[in-house]
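Worksheet: one structure, shown below.
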Amino acid sequence: MLPTTVNLVGTEEALASITSLEVNEPVSVAGATETFALEIDLSDTLSDMEDVRLASGVDSSVTVTIQIERNGDQTVQIALSELTVQNRPENMTLTFSPADMISVTVHADDEESTISAEDITAGIDLSVCAEEGDYEIPVEIELPDGFTLVSEVTLTVNATATEQIEAATEE
């Protein structure tokens, strides 16, 4: 499985100057009608950067998702902090992936209509996370009239018993 993040090492100045990586390898979307993933090797991209390289033992390949939208489709980013959370187990530490934002792709009945994160209500029910494990949790999405959800939205949640973490810290 390819990483969702890339660990880089370099001088403090070089790392501080990186806000994004522009991939040298061209990506073609010719003929694409739906979202697809592509594996890209970052070796060439990083070789052009001064004082930055991959951390040792890190795979130089990453998976890039290219999102193809139809006319009338819009993708909105919603912060996890904006989700309505139900049934969060008290004795579990939960780690979410993605860790900060979810992408919600909607189709507007009228191509002129626009939507923002404030127009969308999103929530999750964490009752299944009462035991340790990894869970794929569906995100419940409510949209205003005139919009339909293009694809289901899910969050991956890792649940770890809080007592185990505290015990490991005390050792």
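Ligands are numbered from 1 in the order shown, chains are lettered A, B, ... in the order of the structure tokens, and residues start at 1 in each chain.
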For this session: For Val23 of chain A, list every protein, DNA or RNA residue within 12 Å, evaluated using only C-alpha atoms, and leave out those in the same chain fewer than 4 positions away; present the list as a list in words.
Result: Val27, Glu39, Ile40, Asp41, Leu42, Ser43, Asp44, Thr45, Leu46, Ser47, Asp48, Met49, Ser61, Val62, Thr63 and Val64 of chain A
Exercise. Which is closest to Ser103 of chain A among A:Gln67, A:Asn7, A:Thr84, A:Thr162, if we use only C-alpha atoms?
Worked result: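 The answer is A:Gln67, which sits nearest to Ser103 of chain A.
Closest approach to Glu111 of chain A among A:Pro89, A:Leu15, A:Asp73, A:Thr156 is made by A:Asp73 (distances from only C-alpha atoms).
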For this session: Considering only C-alpha atoms, return as a PyMOL selection string whatever protein or nucleic-acid residues lie within 8 Å of Asp51 of chain A, sequence-local ones (same chain, fewer than 6 positions apart) excluded.
Result: chain A and resi 10-11+14
For this session: Please provide as a PyMOL selection string all residues within 10 Å of Ser151 of chain A, with the sequence filter that same-chain residues fewer than 6 positions apart are discarded (counting only C-alpha atoms).
Result: chain A and resi 104-107
Problem set entry | Interatomic distance, atom CA of Val128 of chain A to atom CA of Glu142 of chain A (Å, one decimal) |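 So the answer is 21.3 Å.
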Problem set entry | Those in segment 2-158 of chain A with strand (DSSP E or B) from DSSP, as a ChimeraX atom specification | /A:8-10,36-41,52-54,61-66,73-79,84-86,92-97,101-108,121-125,133-138,140-142,147-149,154-158
For this session: Would you work out the distance separating atom CA of Val150 of chain A from atom CA of Ala99 of chain A, expressed in Å to one decimal?
Result: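 Atom-to-atom, atom CA of Val150 of chain A and atom CA of Ala99 of chain A are spaced 21.9 Å apart.
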Problem set entry | A:Leu80, A:Met101, A:Ala159, A:Leu8 ranked by distance to Leu21 of chain A, top pick (using only C-alpha atoms) |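 Of A:Leu80, A:Met101, A:Ala159, A:Leu8, the one nearest Leu21 of chain A is A:Leu8, counting only C-alpha atoms.
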For this session: Could you tell me how far atom CA of Ala117 of chain A lies from atom CA of Ile141 of chain A, in Å and to one decimal?
Result: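 Spanning atom CA of Ala117 of chain A to atom CA of Ile141 of chain A is a straight-line distance of 11.2 Å.
Closest to Leu126 of chain A among A:Thr33, A:Gln86, A:Asn24, A:Thr93 is A:Gln86, based on only C-alpha atoms.
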